[in-house]
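Colleague: Contents are mmCIF, C-alpha atoms; file name upload-v3.cif:
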```cif
data_coords
#
loop_
_atom_site.label_atom_id
_atom_site.label_comp_id
_atom_site.auth_asym_id
_atom_site.auth_seq_id
_atom_site.Cartn_x
_atom_site.Cartn_y
_atom_site.Cartn_z
CA TYR A 306 79.51 106.47 83.09
CA GLY A 307 79.45 108.11 86.50
CA LEU A 308 82.05 105.58 87.69
CA THR A 309 84.50 106.14 84.80
CA ASP A 310 86.90 108.01 87.08
CA GLY A 311 86.00 106.02 90.18
CA ASN A 312 84.09 107.11 93.28
CA ALA A 313 86.18 108.93 95.90
CA TRP A 314 83.72 108.13 98.71
CA GLU A 315 83.45 104.42 97.97
CA VAL A 316 85.65 101.67 99.41
CA GLU A 317 86.04 98.56 97.26
CA ARG A 318 85.89 95.55 99.60
CA LEU A 319 87.75 92.78 97.82
CA ASP A 320 87.63 90.81 101.08
CA VAL A 321 83.79 90.73 101.20
CA GLN A 322 82.33 88.46 98.53
CA TYR A 323 79.39 86.04 98.49
CA PRO A 324 78.40 83.40 95.93
CA VAL A 325 74.94 83.85 94.39
CA ARG A 326 73.64 80.76 92.59
CA LEU A 327 71.28 80.81 89.61
CA PHE A 328 69.55 77.90 87.82
CA GLY A 329 70.74 74.40 88.83
CA HIS A 330 68.69 71.73 90.58
CA VAL A 331 67.59 70.68 94.08
CA ARG A 332 68.87 67.42 95.56
CA GLU A 333 66.81 65.76 98.29
CA PHE A 334 68.59 63.50 100.79
CA GLN A 335 68.32 62.09 104.32
CA ASP A 336 70.54 62.89 107.29
CA PRO A 337 71.67 60.11 109.73
CA ASP A 338 68.54 60.78 111.86
CA GLY A 339 66.22 60.26 108.90
CA ASN A 340 65.34 63.94 108.42
CA THR A 341 64.78 65.10 104.83
CA LEU A 342 67.27 67.78 103.76
CA TYR A 343 67.68 69.75 100.53
CA ALA A 344 70.76 70.97 98.65
CA TRP A 345 70.66 73.47 95.77
CA GLU A 346 73.41 72.48 93.35
CA GLY A 347 74.76 73.12 89.85
CA GLY A 348 73.75 76.02 87.65
CA GLU A 349 75.78 79.20 87.53
CA VAL A 350 77.48 81.03 90.39
CA VAL A 351 77.92 84.81 90.34
CA MET A 352 80.04 86.55 92.96
CA ALA A 353 78.66 89.58 94.80
CA GLN A 354 81.44 91.97 95.80
CA ALA A 355 80.83 94.66 98.41
CA TYR A 356 81.43 98.39 97.99
CA ASP A 357 81.10 100.48 101.15
CA THR A 358 80.14 104.14 101.48
CA PRO A 359 80.51 105.66 104.97
CA ILE A 360 77.54 107.82 106.06
CA PRO A 361 78.67 110.11 108.91
CA GLY A 362 76.04 111.50 111.27
CA TYR A 363 75.65 115.21 112.04
CA GLY A 364 77.04 116.38 115.36
CA THR A 365 78.01 112.86 116.39
CA TYR A 366 80.99 110.53 116.19
CA ASN A 367 78.77 107.77 114.78
CA THR A 368 79.16 106.66 111.17
CA ASN A 369 76.86 104.18 109.45
CA ASN A 370 77.80 102.12 106.43
CA MET A 371 75.89 101.81 103.16
CA ARG A 372 76.91 98.56 101.48
CA LEU A 373 76.25 98.15 97.75
CA TRP A 374 77.02 95.18 95.51
CA SER A 375 78.66 94.57 92.16
CA SER A 376 78.34 91.31 90.22
CA LYS A 377 81.56 89.54 89.30
CA PRO A 378 82.15 86.19 87.58
CA SER A 379 83.31 83.33 89.77
CA HIS A 380 85.94 82.63 87.06
CA GLU A 381 87.39 85.65 85.25
CA PHE A 382 88.42 83.86 82.05
CA ASN A 383 87.61 80.51 80.46
CA LEU A 384 91.02 79.41 79.18
CA ALA A 385 89.67 76.12 77.76
CA SER A 386 87.24 78.01 75.49
CA PHE A 387 89.96 80.41 74.42
CA ASN A 388 92.39 77.59 73.55
CA ALA A 389 89.65 75.84 71.58
CA GLY A 390 89.28 78.95 69.42
CA ASN A 391 86.05 80.15 71.05
CA TYR A 392 87.34 83.64 71.86
CA TYR A 393 83.93 85.18 72.52
CA GLY A 394 82.88 82.23 74.65
CA ALA A 395 85.95 82.78 76.82
CA VAL A 396 84.59 86.10 78.10
CA GLU A 397 80.86 85.39 77.67
CA ALA A 398 80.30 84.30 81.29
CA LYS A 399 82.14 87.39 82.55
CA GLU A 400 79.93 89.73 80.49
CA ARG A 401 76.77 87.83 81.45
CA CYS A 402 77.60 88.10 85.16
CA GLU A 403 78.55 91.77 85.03
CA SER A 404 75.35 92.67 83.14
CA ILE A 405 73.35 91.91 86.30
CA THR A 406 74.48 95.14 87.97
CA SER A 407 75.09 97.23 84.83
CA VAL A 408 71.68 98.94 84.70
CA LEU A 409 69.16 99.04 87.55
CA TYR A 410 65.63 97.92 86.55
CA PRO A 411 66.22 96.85 82.93
CA ASN A 412 63.29 97.04 80.51
CA ASP A 413 61.13 94.00 81.23
CA ALA A 414 58.93 94.20 78.11
CA THR A 415 60.71 91.11 76.75
CA GLU A 416 61.17 87.65 78.24
CA GLU A 417 64.92 88.21 78.48
CA GLY A 418 64.36 91.57 80.18
CA LYS A 419 62.07 89.93 82.75
CA ARG A 420 64.65 87.24 83.42
CA LEU A 421 67.43 89.82 83.89
CA ARG A 422 65.25 91.84 86.29
CA LEU A 423 64.50 88.74 88.39
CA LYS A 424 68.21 87.84 88.40
CA GLN A 425 68.99 91.37 89.53
CA GLN A 426 66.44 91.38 92.34
CA TYR A 427 67.62 88.02 93.64
CA PHE A 428 71.31 88.98 93.33
CA PHE A 429 70.98 92.07 95.55
CA VAL A 430 68.69 90.32 98.03
CA SER A 431 70.85 87.19 98.35
CA ALA A 432 74.11 89.13 98.81
CA THR A 433 72.56 91.37 101.47
CA LEU A 434 70.89 88.52 103.38
CA GLN A 435 74.08 86.42 103.34
CA ASP A 436 75.91 89.45 104.74
CA ILE A 437 73.31 90.00 107.49
CA TYR A 438 73.37 86.28 108.28
CA ARG A 439 77.19 86.15 108.51
CA ARG A 440 77.42 89.23 110.73
CA PHE A 441 74.70 87.98 113.05
CA LYS A 442 76.49 84.64 113.53
CA LYS A 443 79.83 86.40 114.00
CA ASN A 444 78.49 88.81 116.65
CA VAL A 445 75.83 86.68 118.36
CA GLY A 446 76.62 83.05 117.54
CA ARG A 447 74.90 80.18 115.79
CA GLY A 448 72.68 77.24 116.65
CA SER A 449 68.89 76.91 116.72
CA THR A 450 68.52 78.58 120.14
CA THR A 451 70.65 81.58 119.13
CA MET A 452 68.97 81.94 115.74
CA LYS A 453 65.59 82.29 117.48
CA ASN A 454 66.90 85.58 118.91
CA MET A 455 67.46 86.95 115.42
CA PRO A 456 64.30 89.15 115.38
CA ASP A 457 65.70 90.99 118.43
CA LYS A 458 68.79 92.01 116.44
CA VAL A 459 67.75 91.99 112.78
CA ALA A 460 65.00 93.94 111.00
CA ILE A 461 64.53 93.71 107.24
CA GLN A 462 62.24 96.17 105.48
CA LEU A 463 60.62 95.24 102.15
CA ASN A 464 60.00 98.46 100.22
CA ASP A 465 57.42 97.32 97.66
CA THR A 466 57.74 93.87 96.12
CA HIS A 467 61.17 94.21 94.45
CA PRO A 468 62.96 92.50 97.38
CA ALA A 469 60.09 90.09 98.24
CA ILE A 470 62.18 87.12 97.05
CA GLY A 471 64.05 87.75 100.32
CA VAL A 472 61.36 85.85 102.24
CA PRO A 473 62.10 82.44 100.61
CA GLU A 474 65.84 83.27 100.48
CA PHE A 475 65.90 83.83 104.25
CA MET A 476 63.97 80.58 104.73
CA ARG A 477 66.49 78.78 102.49
CA LEU A 478 69.39 80.00 104.63
CA LEU A 479 67.69 78.89 107.85
CA LEU A 480 66.46 75.54 106.47
CA ASP A 481 69.34 74.44 104.24
CA GLU A 482 72.35 76.13 105.85
CA GLU A 483 71.34 76.23 109.52
CA LEU A 484 69.20 73.03 109.33
CA LEU A 485 66.33 74.48 111.38
CA CYS A 486 62.90 72.86 111.27
CA TRP A 487 60.23 74.60 109.15
CA GLU A 488 58.26 75.99 112.11
CA ASP A 489 61.30 77.64 113.73
CA ALA A 490 62.60 79.01 110.42
CA TRP A 491 59.19 80.46 109.53
CA ASN A 492 58.72 82.04 112.95
CA ILE A 493 62.14 83.76 112.70
CA THR A 494 61.52 84.89 109.12
CA LYS A 495 58.07 86.31 109.80
CA ASN A 496 59.33 88.27 112.81
CA VAL A 497 62.32 89.70 110.93
CA PHE A 498 60.47 90.98 107.83
CA SER A 499 58.05 93.90 107.49
CA TYR A 500 56.50 95.25 104.29
CA THR A 501 55.63 98.76 103.13
CA ASN A 502 53.39 99.06 100.09
CA HIS A 503 54.05 102.20 98.03
CA THR A 504 51.17 102.12 95.56
CA ILE A 505 47.78 100.41 95.40
CA MET A 506 47.82 100.14 91.59
CA THR A 507 47.51 96.45 90.75
CA GLU A 508 49.95 96.74 87.83
CA ALA A 509 52.63 97.68 90.35
CA MET A 510 52.11 94.41 92.24
CA GLU A 511 54.91 92.25 90.84
CA LYS A 512 54.09 88.80 89.52
CA TRP A 513 56.63 86.29 88.23
CA PRO A 514 55.77 83.39 85.90
CA VAL A 515 56.04 80.14 87.86
CA PRO A 516 58.04 78.38 85.07
CA MET A 517 60.57 81.25 84.91
CA LEU A 518 61.14 81.50 88.66
CA SER A 519 61.24 77.71 89.00
CA GLU A 520 63.97 77.50 86.35
CA LEU A 521 66.04 80.40 87.70
CA LEU A 522 65.53 79.73 91.43
CA PRO A 523 64.34 76.12 91.82
CA ARG A 524 64.77 75.93 95.61
CA HIS A 525 62.90 79.18 96.14
CA ALA A 526 59.97 77.96 94.03
CA GLU A 527 59.71 74.89 96.28
CA ILE A 528 59.78 77.05 99.42
CA ILE A 529 57.14 79.47 98.06
CA PHE A 530 54.83 76.54 97.23
CA GLU A 531 55.27 75.18 100.77
CA ILE A 532 54.63 78.62 102.35
CA ASN A 533 51.48 78.91 100.23
CA HIS A 534 50.28 75.39 101.06
CA ARG A 535 50.60 75.94 104.81
CA PHE A 536 49.05 79.42 104.64
CA LEU A 537 46.03 78.28 102.59
CA GLU A 538 45.42 75.47 105.07
CA SER A 539 45.00 78.15 107.76
CA VAL A 540 42.71 80.18 105.46
CA ARG A 541 40.45 77.17 104.83
CA LYS A 542 40.35 76.47 108.56
CA LYS A 543 39.26 80.05 109.30
CA TRP A 544 36.80 80.37 106.39
CA PRO A 545 35.68 76.82 105.49
CA GLY A 546 34.07 76.51 102.07
CA ASP A 547 35.10 80.00 100.85
CA GLU A 548 37.24 78.95 97.88
CA GLN A 549 36.95 82.43 96.30
CA LYS A 550 38.78 83.88 99.30
CA VAL A 551 41.36 81.09 99.08
CA ARG A 552 41.98 81.96 95.40
CA ARG A 553 42.32 85.68 96.16
CA MET A 554 44.75 85.13 99.04
CA SER A 555 46.88 82.47 97.37
CA ILE A 556 50.45 83.38 96.40
CA VAL A 557 49.94 81.33 93.23
CA GLU A 558 47.60 82.91 90.68
CA GLU A 559 45.79 80.26 88.64
CA SER A 560 46.42 81.90 85.26
CA GLU A 561 48.16 80.68 82.11
CA PRO A 562 51.00 80.47 82.88
CA LYS A 563 50.62 80.35 86.66
CA MET A 564 52.10 83.38 88.42
CA PHE A 565 53.69 83.99 91.82
CA ARG A 566 52.05 87.07 93.39
CA MET A 567 54.96 88.69 95.20
CA ALA A 568 52.74 91.15 97.11
CA ASN A 569 50.83 88.27 98.72
CA LEU A 570 54.15 86.62 99.59
CA ALA A 571 55.37 89.87 101.18
CA VAL A 572 52.22 90.18 103.30
CA ILE A 573 52.22 86.54 104.42
CA GLY A 574 55.96 86.65 105.23
CA SER A 575 55.87 89.87 107.29
CA HIS A 576 54.88 90.70 110.87
CA THR A 577 53.84 94.26 109.96
CA VAL A 578 52.35 95.74 106.77
CA ASN A 579 51.69 99.41 106.09
CA GLY A 580 51.38 102.15 103.48
CA VAL A 581 53.47 105.31 103.32
CA ALA A 582 50.88 107.44 105.15
CA GLU A 583 47.80 106.85 107.31
CA MET A 584 45.45 107.47 104.36
CA HIS A 585 47.46 105.09 102.18
CA THR A 586 47.50 102.44 104.92
CA ASN A 587 43.70 102.65 105.15
CA LEU A 588 43.46 102.05 101.38
CA VAL A 589 45.84 99.10 101.72
CA LYS A 590 43.58 97.67 104.46
CA THR A 591 40.23 98.28 102.75
CA ILE A 592 41.05 97.76 99.06
CA LEU A 593 44.37 96.14 98.29
CA PHE A 594 44.74 93.57 101.09
CA ALA A 595 41.21 93.56 102.54
CA ASP A 596 41.14 89.74 102.81
CA PHE A 597 44.44 89.68 104.70
CA CYS A 598 43.35 92.54 106.97
#
```
Have the structure of the file written as structure tokens, please.
Modeller:
Amino acid sequence: YGLTDGNAWEVERLDVQYPVRLFGHVREFQDPDGNTLYAWEGGEVVMAQAYDTPIPGYGTYNTNNMRLWSSKPSHEFNLASFNAGNYYGAVEAKERCESITSVLYPNDATEEGKRLRLKQQYFFVSATLQDIYRRFKKNVGRGSTTMKNMPDKVAIQLNDTHPAIGVPEFMRLLLDEELLCWEDAWNITKNVFSYTNHTIMTEAMEKWPVPMLSELLPRHAEIIFEINHRFLESVRKKWPGDEQKVRRMSIVEESEPKMFRMANLAVIGSHTVNGVAEMHTNLVKTILFADFC
């Protein structure tokens, strides 16, 4: 309701839009050199449109930019559905897309609420990372050598686990779009991300059901499993025979259904982890992430 009469300080950027894919499937194929590549295809595409708010500094000529996102359908109106007499179906996709950014943090007590919240988190993360990625390539360049310099120019802060899906999304961009090898992509990702934990209450540590995330974001589920596999190999090497530690540190919780522990993913995918104060950081080190510490 606050936007009924518009926002005088906000600039609608019709020229800045990014596609955000949901659902679909992953196609595996070989390049001419025999390397295995992956393409995420099908599903539903939502457009993320930018809205910019200038943030002027005090006593300076510098002005920063706060970029927010609104979800738009990739096709405004389904004329075929309308002509077939399915009037509600003609605008259904539009309403479904726009619901993603209608209310921040929808109630996740229901399965549908959980799904909408995951869609929302991924939508904001994907749009922002695509924007960072585009601007880096525009200003610095592209290619595997240039991309390795990304941590010198780009820093991404994970405030709690809500944006933790950014770790596999960043890997997806480097692996599938830039065609980097896993080792290079992981090294860049880990040196770009840092994670601040805001509460040590376990109920605040987000977990997503593996079946739900795998359906909604199939490529990201594959990448998370691979991150976990490689990480647990290093854990077993360091503490051979300690399977209890392996279970505690795994991103995948062996419950029914299996769950992705987003806090573990955030820790593993970051170069620095902290709390919001020294006392909090000490609790994070001794209680919450003692195994990782």
Colleague: Any idea what the distance is between CA of Phe594 (chain A) and CA of Ala526 (chain A)?
Modeller: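 If I compute the distance from CA of Phe594 (chain A) to CA of Ala526 (chain A), I get 22.9 Å.
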Colleague: Between A:Met506, A:Met476, A:Ile437, A:Ala355, single out the one closest to His585 (chain A), counting all atoms listed in the file.
Modeller: A:Met506
Colleague: Please evaluate the PyMOL selection byres ((chain A and resi 527-543) around 8) against the structure above and give the resulting residues as a ChimeraX atom specification.
Modeller: /A:473,476-477,519,523-526,544-548,551,554-557,570,573
Colleague: Selection from above, C-alpha atoms, as a compact mmCIF listing (two decimals), in the coordinates of the input, can you write it?
Modeller:
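For reference, result.txt as written:
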```
# COMPACT_ATOMS: atom_id res chain seq x y z
CA PRO A 473 62.10 82.44 100.61
CA MET A 476 63.97 80.58 104.73
CA ARG A 477 66.49 78.78 102.49
CA SER A 519 61.24 77.71 89.00
CA PRO A 523 64.34 76.12 91.82
CA ARG A 524 64.77 75.93 95.61
CA HIS A 525 62.90 79.18 96.14
CA ALA A 526 59.97 77.96 94.03
CA TRP A 544 36.80 80.37 106.39
CA PRO A 545 35.68 76.82 105.49
CA GLY A 546 34.07 76.51 102.07
CA ASP A 547 35.10 80.00 100.85
CA GLU A 548 37.24 78.95 97.88
CA VAL A 551 41.36 81.09 99.08
CA MET A 554 44.75 85.13 99.04
CA SER A 555 46.88 82.47 97.37
CA ILE A 556 50.45 83.38 96.40
CA VAL A 557 49.94 81.33 93.23
CA LEU A 570 54.15 86.62 99.59
CA ILE A 573 52.22 86.54 104.42
```
Colleague: Residues of region 443-556 of chain A that approach region 427-431 of chain A to 10 Å or less, counting only C-alpha atoms: could you list each one with the shortest pair of atoms and its distance in Å to one decimal, rows by chain and increasing residue number, as CSV?
Modeller:
```
residue,atom,partner,partner_atom,distance
A:His467,CA,A:Tyr427,CA,9.0
A:Pro468,CA,A:Val430,CA,6.2
A:Ala469,CA,A:Val430,CA,8.6
A:Ile470,CA,A:Tyr427,CA,6.5
A:Gly471,CA,A:Val430,CA,5.8
A:Val472,CA,A:Val430,CA,9.6
A:Glu474,CA,A:Ser431,CA,6.7
A:Phe475,CA,A:Ser431,CA,8.4
A:Leu478,CA,A:Ser431,CA,9.7
A:Leu521,CA,A:Tyr427,CA,9.8
A:Leu522,CA,A:Tyr427,CA,8.8
```
Colleague: Quick one: distance from CA of Thr494 (chain A) to CA of Met584 (chain A) in Å, one decimal?
Modeller: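 These two atoms are separated by 28.1 Å.
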Colleague: Just give me the gap between CA of Asp413 (chain A) and CA of Leu327 (chain A) in Å, one decimal is fine.
Modeller: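 A separation of 18.6 Å between them.
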Colleague: So which one's closest to His380 (chain A), A:Pro324, A:Asp436, A:Thr415, A:Leu463? Using only C-alpha atoms, please.
Modeller: A:Pro324
Colleague: Report as a ChimeraX atom specification the residues that result from applying the PyMOL selection byres ((chain A and resi 459) around 10) to the structure here.
Modeller: /A:437-438,441,454-458,460-461,493,496-498
Colleague: Which residue, A:Ala432, A:Ala568, A:Val325, A:Leu484, has the smallest gap to Val351 (chain A) when you use all atoms listed in the file?
Modeller: A:Val325
Colleague: Just checking: using all atoms listed in the file, which residue out of A:Asp357, A:Glu416, A:Glu333, A:Asp338 ends up closest to Val316 (chain A)?
Modeller: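 Residue with the minimum atom-to-atom distance to Val316 (chain A): A:Asp357.
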Colleague: With all atoms listed in the file as the basis for distance, which of A:Leu409, A:Ala344, A:Ala313, A:Val321 is at the shortest distance from Arg439 (chain A)?
Modeller: A:Val321
Colleague: Taking (70.0, 79.9, 85.3) in the file's coordinates as the center, which residues reach within 12 Å of it, counting only C-alpha atoms, put as a list in words?
Modeller: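 Output: Val325, Arg326, Leu327, Phe328, Gly329, His330, Glu346, Gly347, Gly348, Glu349, Val350, Val351, Ala398, Arg401, Cys402, Glu417, Arg420, Leu421, Leu423, Lys424, Tyr427, Met517, Leu518, Ser519, Glu520, Leu521, Leu522 and Pro523 of chain A.
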Colleague: Work out where the centre of an axis-aligned box around every listed atom of region 398-414 of chain A lies and how long its edges are once 8 Å is added on each side; give both in Å to one decimal as JSON.
Modeller:
```
{"center_x": 70.5, "center_y": 91.7, "center_z": 83.0, "size_x": 39.2, "size_y": 30.7, "size_z": 25.9}
```
Colleague: Can you pull out every residue within 12 Å of Ile592 (chain A), counting only C-alpha atoms, but drop anything in the same chain fewer than 4 positions away, and send it as a ChimeraX atom specification?
Modeller: /A:504-507,584-588,596-598
Colleague: Save out the residues we just selected, C-alpha atoms, as a PDB file, in the coordinates of the input.
Modeller:
```pdb
ATOM      1  CA  THR A 504      51.170 102.120  95.560  1.00  0.00           C
ATOM      2  CA  ILE A 505      47.780 100.410  95.400  1.00  0.00           C
ATOM      3  CA  MET A 506      47.820 100.140  91.590  1.00  0.00           C
ATOM      4  CA  THR A 507      47.510  96.450  90.750  1.00  0.00           C
ATOM      5  CA  MET A 584      45.450 107.470 104.360  1.00  0.00           C
ATOM      6  CA  HIS A 585      47.460 105.090 102.180  1.00  0.00           C
ATOM      7  CA  THR A 586      47.500 102.440 104.920  1.00  0.00           C
ATOM      8  CA  ASN A 587      43.700 102.650 105.150  1.00  0.00           C
ATOM      9  CA  LEU A 588      43.460 102.050 101.380  1.00  0.00           C
ATOM     10  CA  ASP A 596      41.140  89.740 102.810  1.00  0.00           C
ATOM     11  CA  PHE A 597      44.440  89.680 104.700  1.00  0.00           C
ATOM     12  CA  CYS A 598      43.350  92.540 106.970  1.00  0.00           C
TER      13      CYS A 598
END
```
Colleague: Name all residues at most 7 Å from Val515 (chain A) (count all atoms listed in the file; drop same-chain ones fewer than 5 positions away) and give them as a count of residues only.
Modeller: 3
Colleague: Could you tell me which of A:Leu485, A:Leu480, A:Thr466, A:Ala490 comes closest to Asn569 (chain A) if we count all atoms listed in the file?
Modeller: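 Closest to Asn569 (chain A) of all the choices is A:Thr466.
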Colleague: Could you pull the residues within 6 Å of region 370-377 of chain A, counting only C-alpha atoms, minus those fewer than 4 positions along the same chain, as a list in words?
Modeller: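 Using only C-alpha atoms, the neighbours found are Met352, Ala353, Gln354, Ala355, Tyr356, Asp357, Thr358, Pro359, Ile360, Cys402, Glu403 and Thr406 of chain A.
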Colleague: Put those residues in a file: C-alpha atoms, as a compact mmCIF listing (two decimals), in the coordinates of the input.
Modeller:
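Resulting contents of again.txt:
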```
# COMPACT_ATOMS: atom_id res chain seq x y z
CA MET A 352 80.04 86.55 92.96
CA ALA A 353 78.66 89.58 94.80
CA GLN A 354 81.44 91.97 95.80
CA ALA A 355 80.83 94.66 98.41
CA TYR A 356 81.43 98.39 97.99
CA ASP A 357 81.10 100.48 101.15
CA THR A 358 80.14 104.14 101.48
CA PRO A 359 80.51 105.66 104.97
CA ILE A 360 77.54 107.82 106.06
CA CYS A 402 77.60 88.10 85.16
CA GLU A 403 78.55 91.77 85.03
CA THR A 406 74.48 95.14 87.97
```
